[in-house]
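Peer 1: Take this structure first; my questions come after.
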Amino acid sequence: MKPVRITVLRKQLYEDIAERYLTDYPDVACDFFQEGDSFLYTGGAEMPQGFCPWAWIDIYSRVAALSAGGTYTPWQRWDGVNIVCCIDGVRPVSFLLEAVEA
């Protein structure tokens with residue numbers, strides 16, 4: 001199993017959707033992560049320290065696949081790399097996943 005680096009690429013806020021559908025919302029993108037934050041997955045089902053539990057549920061299967069040697073080519077440009085996001089439809093966060101050599 002390879003460790004996988006998880007890096008926060010981008011945070012979004014869809015204000016028009018939030019205004020229309022949510023009863024109350026902070027008018028900021030996800031306040032859990034900052035762009036550039038980086039975490040290291042080292043195996044098992046254990047979430048990296050300080051990671052958002054909701055986002056972890058969303059991306060874990062892709063992290064585990066890369067850790068086990070899976071690839072997302074030809075959809076991704078390089079082996080051992082994948083771009084994923086949490087499924088928050090109002091404040092999504094995009095992550096870069098990179099399998100790293102131990």
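For the structure tokens, the naming scheme is as follows: chains receive sequential letters (A, B, ...) according to their order of presentation, residues are indexed from 1 within each chain, and ligands are indexed from 1 in presentation order.
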Tell me, which residues of chain A carry DSSP strand (DSSP E), written as a list in words?
Peer 2: Val4, Arg5, Ile6, Thr7, Val8, Leu9, Arg10, Lys11, Ser38, Phe39, Leu40, Tyr41, Val81, Asn82, Ile83, Val84, Cys85, Val93, Ser94, Phe95, Leu96, Leu97, Glu98 and Ala99 of chain A
Peer 1: Just the selected residues (N, CA and C atoms), exported as a PDB file, in the first residue's frame, please.
Peer 2:
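Saved file result-v6.pdb follows:
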ATOM      1  N   VAL A   4      -0.992   8.227   0.365  1.00  0.00           N
ATOM      2  CA  VAL A   4      -1.626   9.129  -0.600  1.00  0.00           C
ATOM      3  C   VAL A   4      -1.675  10.529   0.002  1.00  0.00           C
ATOM      4  N   ARG A   5      -1.099  11.487  -0.734  1.00  0.00           N
ATOM      5  CA  ARG A   5      -1.162  12.889  -0.322  1.00  0.00           C
ATOM      6  C   ARG A   5      -2.475  13.472  -0.832  1.00  0.00           C
ATOM      7  N   ILE A   6      -3.183  14.153   0.060  1.00  0.00           N
ATOM      8  CA  ILE A   6      -4.460  14.793  -0.266  1.00  0.00           C
ATOM      9  C   ILE A   6      -4.255  16.296  -0.103  1.00  0.00           C
ATOM     10  N   THR A   7      -4.402  17.035  -1.198  1.00  0.00           N
ATOM     11  CA  THR A   7      -4.187  18.477  -1.165  1.00  0.00           C
ATOM     12  C   THR A   7      -5.466  19.197  -1.574  1.00  0.00           C
ATOM     13  N   VAL A   8      -5.841  20.220  -0.812  1.00  0.00           N
ATOM     14  CA  VAL A   8      -7.020  21.019  -1.136  1.00  0.00           C
ATOM     15  C   VAL A   8      -6.666  21.953  -2.291  1.00  0.00           C
ATOM     16  N   LEU A   9      -7.327  21.754  -3.428  1.00  0.00           N
ATOM     17  CA  LEU A   9      -7.076  22.582  -4.607  1.00  0.00           C
ATOM     18  C   LEU A   9      -7.935  23.842  -4.632  1.00  0.00           C
ATOM     19  N   ARG A  10      -9.227  23.683  -4.382  1.00  0.00           N
ATOM     20  CA  ARG A  10     -10.126  24.810  -4.530  1.00  0.00           C
ATOM     21  C   ARG A  10     -11.373  24.632  -3.682  1.00  0.00           C
ATOM     22  N   LYS A  11     -11.887  25.745  -3.206  1.00  0.00           N
ATOM     23  CA  LYS A  11     -13.159  25.780  -2.481  1.00  0.00           C
ATOM     24  C   LYS A  11     -14.105  26.693  -3.252  1.00  0.00           C
ATOM     25  N   SER A  38      -2.733  20.204   3.186  1.00  0.00           N
ATOM     26  CA  SER A  38      -2.269  18.902   2.718  1.00  0.00           C
ATOM     27  C   SER A  38      -2.347  17.892   3.860  1.00  0.00           C
ATOM     28  N   PHE A  39      -2.760  16.687   3.527  1.00  0.00           N
ATOM     29  CA  PHE A  39      -2.919  15.600   4.496  1.00  0.00           C
ATOM     30  C   PHE A  39      -2.292  14.351   3.904  1.00  0.00           C
ATOM     31  N   LEU A  40      -1.878  13.425   4.773  1.00  0.00           N
ATOM     32  CA  LEU A  40      -1.290  12.182   4.290  1.00  0.00           C
ATOM     33  C   LEU A  40      -2.078  10.996   4.804  1.00  0.00           C
ATOM     34  N   TYR A  41      -2.596  10.210   3.863  1.00  0.00           N
ATOM     35  CA  TYR A  41      -3.279   8.955   4.175  1.00  0.00           C
ATOM     36  C   TYR A  41      -2.214   7.870   4.203  1.00  0.00           C
ATOM     37  N   VAL A  81      -2.670   9.562  -9.752  1.00  0.00           N
ATOM     38  CA  VAL A  81      -3.211  10.899  -9.479  1.00  0.00           C
ATOM     39  C   VAL A  81      -4.699  10.899  -9.785  1.00  0.00           C
ATOM     40  N   ASN A  82      -5.475  11.626  -8.978  1.00  0.00           N
ATOM     41  CA  ASN A  82      -6.899  11.785  -9.252  1.00  0.00           C
ATOM     42  C   ASN A  82      -7.370  13.096  -8.634  1.00  0.00           C
ATOM     43  N   ILE A  83      -8.318  13.728  -9.297  1.00  0.00           N
ATOM     44  CA  ILE A  83      -8.968  14.925  -8.781  1.00  0.00           C
ATOM     45  C   ILE A  83     -10.371  14.511  -8.363  1.00  0.00           C
ATOM     46  N   VAL A  84     -10.738  14.820  -7.118  1.00  0.00           N
ATOM     47  CA  VAL A  84     -12.048  14.459  -6.587  1.00  0.00           C
ATOM     48  C   VAL A  84     -12.589  15.637  -5.792  1.00  0.00           C
ATOM     49  N   CYS A  85     -13.861  15.539  -5.396  1.00  0.00           N
ATOM     50  CA  CYS A  85     -14.405  16.591  -4.544  1.00  0.00           C
ATOM     51  C   CYS A  85     -15.401  15.996  -3.566  1.00  0.00           C
ATOM     52  N   VAL A  93     -15.574  21.233  -2.240  1.00  0.00           N
ATOM     53  CA  VAL A  93     -14.121  21.368  -2.116  1.00  0.00           C
ATOM     54  C   VAL A  93     -13.482  20.352  -3.052  1.00  0.00           C
ATOM     55  N   SER A  94     -12.544  20.805  -3.876  1.00  0.00           N
ATOM     56  CA  SER A  94     -11.818  19.907  -4.802  1.00  0.00           C
ATOM     57  C   SER A  94     -10.482  19.522  -4.213  1.00  0.00           C
ATOM     58  N   PHE A  95     -10.126  18.243  -4.350  1.00  0.00           N
ATOM     59  CA  PHE A  95      -8.899  17.702  -3.793  1.00  0.00           C
ATOM     60  C   PHE A  95      -8.039  17.067  -4.885  1.00  0.00           C
ATOM     61  N   LEU A  96      -6.738  17.211  -4.754  1.00  0.00           N
ATOM     62  CA  LEU A  96      -5.770  16.485  -5.572  1.00  0.00           C
ATOM     63  C   LEU A  96      -5.290  15.310  -4.752  1.00  0.00           C
ATOM     64  N   LEU A  97      -5.431  14.101  -5.301  1.00  0.00           N
ATOM     65  CA  LEU A  97      -4.937  12.881  -4.650  1.00  0.00           C
ATOM     66  C   LEU A  97      -3.708  12.419  -5.405  1.00  0.00           C
ATOM     67  N   GLU A  98      -2.628  12.136  -4.679  1.00  0.00           N
ATOM     68  CA  GLU A  98      -1.385  11.671  -5.301  1.00  0.00           C
ATOM     69  C   GLU A  98      -0.797  10.510  -4.508  1.00  0.00           C
ATOM     70  N   ALA A  99      -0.700   9.348  -5.134  1.00  0.00           N
ATOM     71  CA  ALA A  99      -0.011   8.224  -4.498  1.00  0.00           C
ATOM     72  C   ALA A  99       1.478   8.572  -4.461  1.00  0.00           C
TER      73      ALA A  99
END
Peer 1: Would you pick out the contacts of Ile87 in chain A at 9 Å or less, using only C-alpha atoms, so that residues sharing its chain but fewer than 2 positions from it are not included, and give the list as an NGL selection string?
Peer 2: :A and (54-55 or 58 or 85 or 89-93)
Peer 1: Apply DSSP to the structure's backbone, then extract all residues of chain A labelled alpha helix (DSSP H) and return them as a list in words.
Peer 2: Glu15, Asp16, Ile17, Ala18, Glu19, Arg20, Tyr21, Pro53, Trp54, Ala55, Trp56, Ile57, Asp58, Ile59, Tyr60, Ser61, Arg62, Val63, Ala64, Ala65, Leu66 and Ser67 of chain A
Peer 1: Could you pull the residues within 12 Å of Met1 in chain A, counting only C-alpha atoms, minus those fewer than 6 positions along the same chain, as a ChimeraX atom specification?
Peer 2: /A:41-44,63-70,99-102
Peer 1: Those same residues - N, CA, C and O atoms - I'd like them written as an mmCIF file, in the first residue's frame.
Peer 2:
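Written output follows (part.cif):
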data_model
loop_
_atom_site.group_PDB
_atom_site.id
_atom_site.type_symbol
_atom_site.label_atom_id
_atom_site.label_comp_id
_atom_site.auth_asym_id
_atom_site.auth_seq_id
_atom_site.Cartn_x
_atom_site.Cartn_y
_atom_site.Cartn_z
ATOM 1 N N TYR A 41 -2.596 10.210 3.863
ATOM 2 C CA TYR A 41 -3.279 8.955 4.175
ATOM 3 C C TYR A 41 -2.214 7.870 4.203
ATOM 4 O O TYR A 41 -1.430 7.732 3.269
ATOM 5 N N THR A 42 -2.187 7.088 5.283
ATOM 6 C CA THR A 42 -1.133 6.084 5.432
ATOM 7 C C THR A 42 -1.649 4.647 5.437
ATOM 8 O O THR A 42 -0.869 3.723 5.634
ATOM 9 N N GLY A 43 -2.938 4.453 5.214
ATOM 10 C CA GLY A 43 -3.451 3.099 5.091
ATOM 11 C C GLY A 43 -4.638 2.824 5.978
ATOM 12 O O GLY A 43 -5.000 3.622 6.842
ATOM 13 N N GLY A 44 -5.254 1.671 5.750
ATOM 14 C CA GLY A 44 -6.444 1.297 6.501
ATOM 15 C C GLY A 44 -7.594 2.221 6.153
ATOM 16 O O GLY A 44 -7.567 2.930 5.155
ATOM 17 N N VAL A 63 -9.228 7.369 -2.596
ATOM 18 C CA VAL A 63 -7.939 7.368 -1.882
ATOM 19 C C VAL A 63 -7.444 5.936 -1.728
ATOM 20 O O VAL A 63 -6.286 5.624 -2.015
ATOM 21 N N ALA A 64 -8.332 5.045 -1.283
ATOM 22 C CA ALA A 64 -7.958 3.645 -1.076
ATOM 23 C C ALA A 64 -7.532 2.987 -2.386
ATOM 24 O O ALA A 64 -6.586 2.193 -2.416
ATOM 25 N N ALA A 65 -8.215 3.314 -3.481
ATOM 26 C CA ALA A 65 -7.854 2.736 -4.781
ATOM 27 C C ALA A 65 -6.440 3.147 -5.189
ATOM 28 O O ALA A 65 -5.640 2.315 -5.626
ATOM 29 N N LEU A 66 -6.105 4.427 -5.043
ATOM 30 C CA LEU A 66 -4.750 4.877 -5.379
ATOM 31 C C LEU A 66 -3.717 4.234 -4.468
ATOM 32 O O LEU A 66 -2.641 3.851 -4.913
ATOM 33 N N SER A 67 -4.051 4.102 -3.194
ATOM 34 C CA SER A 67 -3.132 3.486 -2.242
ATOM 35 C C SER A 67 -2.817 2.043 -2.633
ATOM 36 O O SER A 67 -1.694 1.570 -2.459
ATOM 37 N N ALA A 68 -3.796 1.371 -3.212
ATOM 38 C CA ALA A 68 -3.630 -0.030 -3.615
ATOM 39 C C ALA A 68 -3.024 -0.173 -5.007
ATOM 40 O O ALA A 68 -2.914 -1.278 -5.524
ATOM 41 N N GLY A 69 -2.647 0.949 -5.628
ATOM 42 C CA GLY A 69 -2.020 0.880 -6.943
ATOM 43 C C GLY A 69 -2.952 1.134 -8.099
ATOM 44 O O GLY A 69 -2.565 0.990 -9.264
ATOM 45 N N GLY A 70 -4.202 1.496 -7.816
ATOM 46 C CA GLY A 70 -5.160 1.773 -8.881
ATOM 47 C C GLY A 70 -4.745 2.986 -9.696
ATOM 48 O O GLY A 70 -3.910 3.789 -9.280
ATOM 49 N N ALA A 99 -0.700 9.348 -5.134
ATOM 50 C CA ALA A 99 -0.011 8.224 -4.498
ATOM 51 C C ALA A 99 1.478 8.572 -4.461
ATOM 52 O O ALA A 99 2.033 9.045 -5.447
ATOM 53 N N VAL A 100 2.103 8.382 -3.311
ATOM 54 C CA VAL A 100 3.524 8.720 -3.159
ATOM 55 C C VAL A 100 4.296 7.464 -2.778
ATOM 56 O O VAL A 100 3.774 6.564 -2.129
ATOM 57 N N GLU A 101 5.533 7.411 -3.217
ATOM 58 C CA GLU A 101 6.378 6.273 -2.860
ATOM 59 C C GLU A 101 6.786 6.405 -1.395
ATOM 60 O O GLU A 101 7.163 7.477 -0.944
ATOM 61 N N ALA A 102 6.698 5.310 -0.683
ATOM 62 C CA ALA A 102 7.026 5.317 0.757
ATOM 63 C C ALA A 102 8.501 5.457 0.979
ATOM 64 O O ALA A 102 9.329 5.241 0.164
#
Peer 1: Give me, please, the distance in Å between CA of Trp75 in chain A and CA of Ile17 in chain A, quoted to one decimal.
Peer 2: 29.0 Å
Peer 1: For each of A:Pro74, A:Ala45, A:Gly80, A:Glu35, take the minimum atom-to-atom distance to Lys2 in chain A, counting only C-alpha atoms, then give the residue where this is smallest.
Peer 2: A:Gly80
